[in-house]
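With mmCIF, C-alpha atoms inside, this is coords-v8.cif:
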```cif
data_query
#
loop_
_atom_site.label_atom_id
_atom_site.label_comp_id
_atom_site.auth_asym_id
_atom_site.auth_seq_id
_atom_site.Cartn_x
_atom_site.Cartn_y
_atom_site.Cartn_z
CA MET A 117 -29.20 25.25 65.52
CA ASP A 118 -26.87 22.61 64.20
CA THR A 119 -27.24 21.45 60.60
CA MET A 120 -28.24 18.06 59.25
CA ARG A 121 -24.63 17.40 58.32
CA ASP A 122 -23.52 18.32 61.86
CA ARG A 123 -25.65 15.40 63.04
CA PHE A 124 -24.33 12.98 60.43
CA ALA A 125 -20.90 12.05 61.82
CA PRO A 126 -21.98 11.73 65.49
CA VAL A 127 -25.00 9.59 64.60
CA VAL A 128 -23.10 7.29 62.26
CA SER A 129 -20.18 7.07 64.73
CA ARG A 130 -22.63 5.76 67.34
CA LEU A 131 -24.00 3.30 64.79
CA LEU A 132 -20.44 2.05 64.19
CA ASP A 133 -20.24 1.34 67.93
CA GLU A 134 -23.65 -0.31 68.06
CA ASP A 135 -23.68 -2.42 64.90
CA PRO A 136 -20.66 -4.46 63.74
CA ARG A 137 -22.10 -4.57 60.20
CA VAL A 138 -21.82 -0.80 59.71
CA ALA A 139 -18.88 0.53 57.72
CA VAL A 140 -18.21 4.10 56.55
CA VAL A 141 -16.70 4.94 53.17
CA LEU A 142 -15.48 8.48 52.47
CA ALA A 143 -13.67 10.31 49.69
CA GLU A 144 -11.80 12.89 51.81
CA ILE A 145 -14.87 15.07 52.31
CA GLY A 146 -16.17 14.74 55.87
CA LYS A 147 -13.24 12.74 57.22
CA ASP A 148 -12.51 15.13 60.11
CA GLY A 149 -15.86 14.33 61.71
CA PHE A 150 -14.87 10.68 61.99
CA ALA A 151 -11.42 11.08 63.57
CA GLU A 152 -12.41 9.39 66.83
CA ALA A 153 -14.47 6.72 65.06
CA ARG A 154 -11.43 5.93 62.90
CA ARG A 155 -9.39 5.28 66.04
CA ARG A 156 -12.05 2.97 67.45
CA HIS A 157 -12.93 1.16 64.23
CA PRO A 158 -9.99 1.39 61.81
CA ASP A 159 -11.17 -1.71 59.94
CA ARG A 160 -14.60 -0.20 59.19
CA MET A 161 -13.59 3.39 58.42
CA ILE A 162 -12.33 3.67 54.84
CA ASN A 163 -11.17 6.82 53.05
CA VAL A 164 -10.52 6.17 49.36
CA GLY A 165 -9.20 9.67 48.61
CA ILE A 166 -10.61 11.86 45.86
CA ARG A 167 -11.87 8.89 43.83
CA GLU A 168 -15.65 8.99 43.70
CA GLN A 169 -16.07 6.01 41.35
CA LEU A 170 -13.96 3.94 43.75
CA LEU A 171 -16.03 5.31 46.63
CA VAL A 172 -19.14 3.56 45.32
CA GLY A 173 -17.28 0.51 44.04
CA ALA A 174 -15.68 -0.07 47.44
CA ALA A 175 -19.07 0.26 49.12
CA SER A 176 -20.47 -2.39 46.80
CA GLY A 177 -17.65 -4.76 47.68
CA LEU A 178 -18.22 -4.23 51.39
CA ALA A 179 -21.95 -4.85 50.95
CA LEU A 180 -21.29 -8.11 49.12
CA THR A 181 -19.27 -9.31 52.13
CA GLY A 182 -22.26 -8.69 54.42
CA LEU A 183 -21.45 -5.23 55.75
CA ARG A 184 -23.79 -2.22 55.69
CA PRO A 185 -21.77 0.62 54.08
CA VAL A 186 -22.61 4.26 54.70
CA VAL A 187 -21.15 6.35 51.87
CA HIS A 188 -20.76 10.12 52.08
CA THR A 189 -19.71 13.09 49.96
CA PHE A 190 -21.33 16.02 48.16
CA ALA A 191 -24.38 15.06 46.09
CA SER A 192 -22.75 15.92 42.77
CA PHE A 193 -19.83 13.61 43.61
CA LEU A 194 -22.00 10.87 45.12
CA VAL A 195 -24.79 10.46 42.55
CA GLU A 196 -23.73 12.23 39.36
CA ARG A 197 -20.00 11.64 38.97
CA PRO A 198 -20.04 7.89 39.84
CA PHE A 199 -23.48 7.19 38.39
CA GLU A 200 -22.23 4.21 36.38
CA GLN A 201 -21.00 2.60 39.60
CA VAL A 202 -24.29 3.41 41.37
CA LYS A 203 -26.12 1.77 38.47
CA LEU A 204 -23.90 -1.30 38.11
CA ASP A 205 -21.91 -1.89 41.29
CA LEU A 206 -24.89 -1.34 43.55
CA GLY A 207 -27.98 -1.74 41.37
CA HIS A 208 -26.96 -4.51 38.98
CA GLN A 209 -25.10 -6.39 41.73
CA ASP A 210 -28.14 -5.98 44.01
CA ALA A 211 -25.82 -4.66 46.71
CA GLY A 212 -27.35 -2.47 49.41
CA ALA A 213 -25.77 0.72 50.72
CA VAL A 214 -26.72 4.01 52.36
CA LEU A 215 -25.65 7.00 50.27
CA VAL A 216 -25.65 10.20 52.33
CA SER A 217 -25.10 13.44 50.46
CA ALA A 218 -24.38 17.03 51.37
CA ALA A 219 -24.55 20.33 49.44
CA ALA A 220 -27.99 19.47 47.96
CA SER A 221 -29.12 21.64 45.03
CA PHE A 222 -27.18 24.81 45.84
CA ASP A 223 -26.15 24.76 49.51
CA TRP A 224 -22.68 26.09 48.68
CA PRO A 225 -23.17 28.55 45.83
CA ALA A 226 -19.54 29.75 46.01
CA GLY A 227 -18.47 26.23 45.05
CA GLY A 228 -19.99 26.76 41.62
CA TYR A 229 -22.05 24.39 39.52
CA THR A 230 -19.66 21.48 40.12
CA HIS A 231 -20.91 21.43 43.72
CA MET A 232 -24.62 21.68 42.91
CA SER A 233 -26.89 18.73 42.22
CA PRO A 234 -30.53 19.66 41.58
CA GLY A 235 -30.94 16.55 39.41
CA ASP A 236 -29.82 13.90 41.90
CA VAL A 237 -33.24 12.49 42.82
CA ALA A 238 -34.41 12.56 39.20
CA LEU A 239 -31.27 10.65 38.20
CA LEU A 240 -31.87 7.97 40.84
CA ASP A 241 -35.43 7.68 39.49
CA THR A 242 -33.95 6.03 36.40
CA LEU A 243 -32.91 3.09 38.61
CA ASP A 244 -35.02 0.47 40.36
CA GLY A 245 -35.56 -0.03 44.05
CA TRP A 246 -34.10 3.06 45.71
CA THR A 247 -35.54 4.56 48.89
CA VAL A 248 -35.01 8.33 49.03
CA HIS A 249 -35.20 10.36 52.24
CA VAL A 250 -35.23 14.18 52.16
CA PRO A 251 -35.28 15.36 55.78
CA GLY A 252 -36.39 18.88 56.53
CA HIS A 253 -34.71 19.28 59.93
CA PRO A 254 -31.64 17.88 61.75
CA ASP A 255 -33.86 15.84 64.09
CA GLU A 256 -35.51 14.22 61.09
CA ALA A 257 -32.12 13.61 59.51
CA GLU A 258 -31.03 11.67 62.60
CA THR A 259 -34.20 9.56 62.57
CA LEU A 260 -33.98 8.85 58.85
CA LEU A 261 -30.27 7.99 59.00
CA ARG A 262 -31.08 5.35 61.59
CA HIS A 263 -33.96 4.07 59.45
CA ALA A 264 -31.66 3.89 56.45
CA VAL A 265 -28.91 1.93 58.19
CA ALA A 266 -31.43 -0.46 59.73
CA ALA A 267 -33.13 -1.13 56.37
CA GLY A 268 -31.60 -4.56 55.83
CA ASP A 269 -29.74 -4.59 52.53
CA ASP A 270 -31.83 -1.92 50.83
CA LYS A 271 -30.42 0.81 48.62
CA VAL A 272 -31.11 4.11 50.36
CA TYR A 273 -30.28 7.73 49.54
CA VAL A 274 -30.39 10.34 52.34
CA ARG A 275 -30.24 13.91 51.03
CA LEU A 276 -28.89 16.32 53.66
CA SER A 277 -29.10 20.10 53.29
CA VAL A 278 -28.22 23.30 55.14
CA GLN A 279 -31.77 24.42 54.37
CA ALA A 280 -34.06 23.41 57.22
CA ASN A 281 -37.48 24.06 58.69
CA THR A 282 -37.71 25.72 62.10
CA ARG A 283 -38.87 22.54 63.80
CA GLY A 284 -38.67 18.85 63.14
CA LEU A 285 -41.70 16.61 62.80
CA ALA A 286 -42.16 12.97 63.71
CA VAL A 287 -41.19 10.99 60.61
CA ASP A 288 -41.34 7.25 60.03
CA GLY A 289 -39.38 6.82 56.82
CA THR A 290 -42.40 5.80 54.77
CA ARG A 291 -45.50 8.00 54.88
CA PHE A 292 -46.45 11.57 54.04
CA ARG A 293 -47.80 13.55 56.98
CA THR A 294 -50.88 15.80 56.87
CA VAL A 295 -49.91 19.20 58.25
CA ARG A 296 -52.94 21.26 57.20
CA GLU A 297 -56.34 20.34 55.77
CA GLY A 298 -58.30 22.23 53.13
CA ARG A 299 -60.85 21.78 50.35
CA ALA A 300 -59.44 23.60 47.31
CA GLY A 301 -56.38 21.54 46.44
CA VAL A 302 -53.38 19.66 47.79
CA VAL A 303 -49.82 20.92 48.18
CA VAL A 304 -47.03 18.42 48.84
CA ALA A 305 -44.05 20.08 50.55
CA VAL A 306 -40.83 18.07 50.40
CA GLY A 307 -38.24 18.26 53.17
CA PRO A 308 -36.88 21.77 53.82
CA MET A 309 -39.59 23.39 51.67
CA LEU A 310 -42.27 22.96 54.36
CA ASP A 311 -41.85 26.31 56.14
CA ALA A 312 -41.98 28.25 52.87
CA VAL A 313 -45.05 26.28 51.76
CA LEU A 314 -46.86 26.91 55.06
CA ASP A 315 -46.11 30.63 54.79
CA ALA A 316 -47.17 30.66 51.13
CA THR A 317 -50.48 28.90 51.79
CA GLU A 318 -51.48 30.84 54.90
CA GLY A 319 -55.13 31.80 54.34
CA LEU A 320 -55.53 29.39 51.41
CA ASP A 321 -58.04 26.55 51.78
CA VAL A 322 -55.62 23.79 50.77
CA THR A 323 -54.37 20.57 52.27
CA VAL A 324 -50.62 20.52 52.93
CA LEU A 325 -48.87 17.16 52.99
CA TYR A 326 -45.31 16.87 54.26
CA ALA A 327 -42.95 14.42 52.57
CA SER A 328 -39.59 13.61 54.15
CA THR A 329 -39.46 10.29 52.28
CA VAL A 330 -40.23 10.65 48.57
CA ARG A 331 -39.35 7.20 47.25
CA PRO A 332 -41.34 5.07 47.49
CA PHE A 333 -43.90 7.80 46.77
CA ASP A 334 -46.82 7.68 49.22
CA ALA A 335 -49.56 7.35 46.63
CA ALA A 336 -52.14 6.30 49.23
CA ALA A 337 -51.70 9.52 51.22
CA LEU A 338 -52.12 11.65 48.10
CA ARG A 339 -55.28 9.78 47.10
CA ARG A 340 -56.72 10.19 50.60
CA ALA A 341 -56.04 13.92 50.50
CA THR A 342 -57.97 14.28 47.24
CA GLU A 343 -61.06 12.66 48.78
CA THR A 344 -61.89 15.97 50.50
CA ALA A 345 -60.28 18.35 47.99
CA PRO A 346 -60.17 18.69 44.22
CA ALA A 347 -57.42 16.65 42.61
CA ASP A 348 -55.37 19.77 41.90
CA VAL A 349 -51.91 18.93 43.24
CA VAL A 350 -48.86 21.15 43.62
CA LEU A 351 -45.52 19.48 44.34
CA VAL A 352 -42.89 21.74 45.92
CA GLU A 353 -39.51 20.01 45.84
CA PRO A 354 -36.04 21.34 46.77
CA TYR A 355 -34.51 19.77 43.66
CA LEU A 356 -35.33 19.67 39.94
CA ALA A 357 -38.86 20.91 39.25
CA GLY A 358 -41.17 18.12 38.11
CA THR A 359 -39.13 15.27 39.60
CA SER A 360 -42.21 13.70 41.22
CA THR A 361 -44.95 14.71 38.79
CA ALA A 362 -44.97 11.26 37.16
CA ALA A 363 -45.37 9.61 40.57
CA ALA A 364 -48.26 11.93 41.44
CA ASN A 365 -49.91 11.31 38.07
CA ASP A 366 -49.62 7.56 38.59
CA ALA A 367 -51.14 7.87 42.06
CA LEU A 368 -54.17 9.71 40.64
CA ALA A 369 -54.47 7.80 37.37
CA GLU A 370 -58.08 6.81 38.10
CA LEU A 371 -59.15 10.40 38.79
CA PRO A 372 -59.41 13.57 36.73
CA HIS A 373 -56.55 15.65 38.08
CA ARG A 374 -53.97 18.37 37.46
CA VAL A 375 -50.40 18.42 38.76
CA LEU A 376 -47.99 21.36 38.97
CA GLY A 377 -44.35 20.64 39.77
CA LEU A 378 -42.37 23.44 41.43
CA GLY A 379 -38.69 23.21 42.22
CA VAL A 380 -35.27 24.13 40.91
CA GLY A 381 -35.44 25.26 37.30
CA ARG A 382 -33.33 23.82 34.50
CA ARG A 383 -31.79 27.17 33.65
CA GLU A 384 -28.32 27.35 35.15
CA LEU A 385 -27.67 30.35 37.40
CA ARG A 386 -24.11 31.45 36.70
CA ARG A 387 -23.59 33.82 39.62
CA TYR A 388 -22.64 32.50 43.02
CA GLY A 389 -25.02 34.53 45.18
CA SER A 390 -26.44 33.11 48.41
CA VAL A 391 -28.79 30.23 49.13
CA ASP A 392 -31.67 32.69 49.65
CA GLU A 393 -30.92 34.39 46.34
CA HIS A 394 -30.97 31.03 44.56
CA LEU A 395 -34.30 30.16 46.20
CA ALA A 396 -35.77 33.47 45.04
CA ALA A 397 -34.37 33.08 41.53
CA HIS A 398 -36.03 29.66 41.22
CA GLY A 399 -39.35 30.94 42.61
CA LEU A 400 -39.07 28.91 45.81
CA ASP A 401 -39.40 31.70 48.36
CA ALA A 402 -42.74 32.09 50.14
CA GLY A 403 -43.90 35.08 48.09
CA ALA A 404 -43.31 33.45 44.71
CA LEU A 405 -44.78 30.16 45.90
CA ARG A 406 -47.96 31.90 47.06
CA GLU A 407 -48.43 33.49 43.66
CA ARG A 408 -47.81 30.25 41.78
CA ILE A 409 -49.85 28.00 44.10
CA GLY A 410 -52.73 30.49 44.34
CA GLY A 411 -52.80 30.94 40.58
CA PHE A 412 -52.97 27.18 40.06
CA VAL A 413 -55.68 26.26 42.59
CA GLY A 414 -57.75 29.38 41.80
CA ALA A 415 -59.52 32.15 43.63
CA GLY A 416 -61.78 29.66 45.41
CA ALA A 417 -58.85 28.66 47.61
CA ARG A 418 -58.84 31.96 49.52
CA VAL A 419 -60.53 31.93 52.91
#
```

As a first step, turn the structure in this file into structure tokens.
Amino acid sequence: MDTMRDRFAPVVSRLLDEDPRVAVVLAEIGKDGFAEARRRHPDRMINVGIREQLLVGAASGLALTGLRPVVHTFASFLVERPFEQVKLDLGHQDAGAVLVSAAASFDWPAGGYTHMSPGDVALLDTLDGWTVHVPGHPDEAETLLRHAVAAGDDKVYVRLSVQANTRGLAVDGTRFRTVREGRAGVVVAVGPMLDAVLDATEGLDVTVLYASTVRPFDAAALRRATETAPADVVLVEPYLAGTSTAAANDALAELPHRVLGLGVGRRELRRYGSVDEHLAAHGLDAGALRERIGGFVGAGARV
């Protein structure tokens, strides 16, 4: 199966052909995938070199001229390194762009901590007005990329990963999807965590919601799920643990509730390892998730 990032360049290249507003801004990383697009659209394919602050600044300038820039590099270079430009050049200038990242939390462990970004979504949460898509499958990534580019002048972040579920689901870029219904609690699985969550909750009487778009947070879907289950909510996110606990608490503010946030821990893992070893070390494999989810919702969840 191809990866989400394998889909990125072909999809955006077609969008360059289809929409004269679309422009692509790169900082060396990913340029080979756009070789043909560069020949067809040299005026809308920009490579700024290894200058991530300029990457975002150039995108802002393009947006202010009426173009729809799609900006791509690794998450740590796209959100963390040029965060001042994301905050000011895009946010403060009210300039829309589509930021598309790769490498996620630890997709390339051999690259070391410089190429890991478990805090990217939490960092964007400090800013106003961002839509955040976290696809769990290449098919979903294609759909959400198209949603993002078509979203007027909105500020959108699309988080691509080599981690993926075995099959894609129909996603609309706004709502959570109910995958399983139960009566002992609610588990929200974000993007590529769905397969592990479904394995972990097999035989547990819990509702499983699937979130491929996490900002805006679908508060209405979470409230509906708690109408038939206790308001015990577990969030399983492929980035920093607890990133969405405040959003879940706000959604359930009128109800007695408990929220457990599971995700990438704050402790830095200093050995390269593999993606699967990082998942296990952070307690995000199916076995660890079952223990943590079952312990939180209680013995009454077992069927």

I'd like the contact shell of stretch 202-205 of chain A - 7 Å cut-off, only C-alpha atoms, skipping same-chain residues fewer than 3 positions apart - returned as a PyMOL selection string. chain A and resi 172-173+176+198-199+208-209+243

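When all atoms listed in the file are used to compute distances to A:His263, the closest of the residues A:Ala347, A:Ala404, A:Leu142, A:Val128 turns out to be A:Val128.
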
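Atom pair atom CA of A:Gly298 / atom CA of A:Thr323: separated by 4.4 Å.
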
Taking all atoms of stretch 232-238 of chain A that the file lists and extending 4 Å past them on each side, where is the centre of the axis-aligned box and how long are its edges? Answer in Å to one decimal, as JSON.
```
{"center_x": -29.5, "center_y": 17.1, "center_z": 41.1, "size_x": 17.8, "size_y": 17.2, "size_z": 11.7}
```

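Of the listed residues (A:Ala335, A:Leu376, A:Val216, A:Met120), A:Leu376 comes nearest to A:Glu353; the distances count only C-alpha atoms.
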
Between atom CA of A:Val324 and atom CA of A:Phe292, what is the distance in Å, rounded to a tenth? 9.9 Å

Report the residues retrieved by the PyMOL selection byres ((chain A and resi 379-394) around 10) from the displayed file, expressed as a VMD selection string. chain A and resid 221 to 229 234 to 235 278 to 279 306 309 351 to 359 377 to 378 395 to 401 405

Straight-line distance linking atom CA of A:His231 with atom CA of A:Gln169, stated in Å to one decimal: 16.3 Å

For A:Thr290, which of A:Val138, A:Ala219, A:Val313, A:Ala267 is the closest residue, counting only C-alpha atoms? A:Ala267

Take the PyMOL selection byres ((chain A and resi 218) around 12), run it mentally on this structure, and tell me the resulting residues as a PyMOL selection string. chain A and resi 119-124+145-146+187-195+215-217+219-224+231-234+236+250-251+257+273-279

Expand the PyMOL selection byres ((chain A and resi 153) around 9) into the individual residues it matches in the shown file, reporting them as a list of chain:residue names. A:Ala125, A:Ser129, A:Arg130, A:Leu132, A:Asp133, A:Gly149, A:Phe150, A:Ala151, A:Glu152, A:Arg154, A:Arg155, A:Arg156, A:His157, A:Pro158, A:Met161

Those residues with C-alpha atoms, as an mmCIF file, in the frame of the given file please?
```
data_model
loop_
_atom_site.group_PDB
_atom_site.id
_atom_site.type_symbol
_atom_site.label_atom_id
_atom_site.label_comp_id
_atom_site.auth_asym_id
_atom_site.auth_seq_id
_atom_site.Cartn_x
_atom_site.Cartn_y
_atom_site.Cartn_z
ATOM 1 C CA ALA A 125 -20.900 12.050 61.820
ATOM 2 C CA SER A 129 -20.180 7.070 64.730
ATOM 3 C CA ARG A 130 -22.630 5.760 67.340
ATOM 4 C CA LEU A 132 -20.440 2.050 64.190
ATOM 5 C CA ASP A 133 -20.240 1.340 67.930
ATOM 6 C CA GLY A 149 -15.860 14.330 61.710
ATOM 7 C CA PHE A 150 -14.870 10.680 61.990
ATOM 8 C CA ALA A 151 -11.420 11.080 63.570
ATOM 9 C CA GLU A 152 -12.410 9.390 66.830
ATOM 10 C CA ARG A 154 -11.430 5.930 62.900
ATOM 11 C CA ARG A 155 -9.390 5.280 66.040
ATOM 12 C CA ARG A 156 -12.050 2.970 67.450
ATOM 13 C CA HIS A 157 -12.930 1.160 64.230
ATOM 14 C CA PRO A 158 -9.990 1.390 61.810
ATOM 15 C CA MET A 161 -13.590 3.390 58.420
#
```

So that I can check the surroundings of A:Pro332, please list as a PDB file with C-alpha atoms, keeping the file's coordinate frame every protein, DNA and RNA residue that reaches within 10 Å of it, counting all atoms listed in the file and ignoring chain neighbours fewer than 3 positions away.
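around28.pdb, freshly written:
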```pdb
ATOM      1  CA  GLY A 245     -35.560  -0.030  44.050  1.00  0.00           C
ATOM      2  CA  TRP A 246     -34.100   3.060  45.710  1.00  0.00           C
ATOM      3  CA  THR A 247     -35.540   4.560  48.890  1.00  0.00           C
ATOM      4  CA  VAL A 248     -35.010   8.330  49.030  1.00  0.00           C
ATOM      5  CA  HIS A 249     -35.200  10.360  52.240  1.00  0.00           C
ATOM      6  CA  GLY A 289     -39.380   6.820  56.820  1.00  0.00           C
ATOM      7  CA  THR A 290     -42.400   5.800  54.770  1.00  0.00           C
ATOM      8  CA  ARG A 291     -45.500   8.000  54.880  1.00  0.00           C
ATOM      9  CA  THR A 329     -39.460  10.290  52.280  1.00  0.00           C
ATOM     10  CA  ALA A 335     -49.560   7.350  46.630  1.00  0.00           C
ATOM     11  CA  ALA A 363     -45.370   9.610  40.570  1.00  0.00           C
TER      12      ALA A 363
END
```

When distances are computed from all atoms listed in the file, which of A:Lys147, A:Arg184, A:Arg197, A:Arg340 shows the smallest separation from A:Arg167? A:Arg197
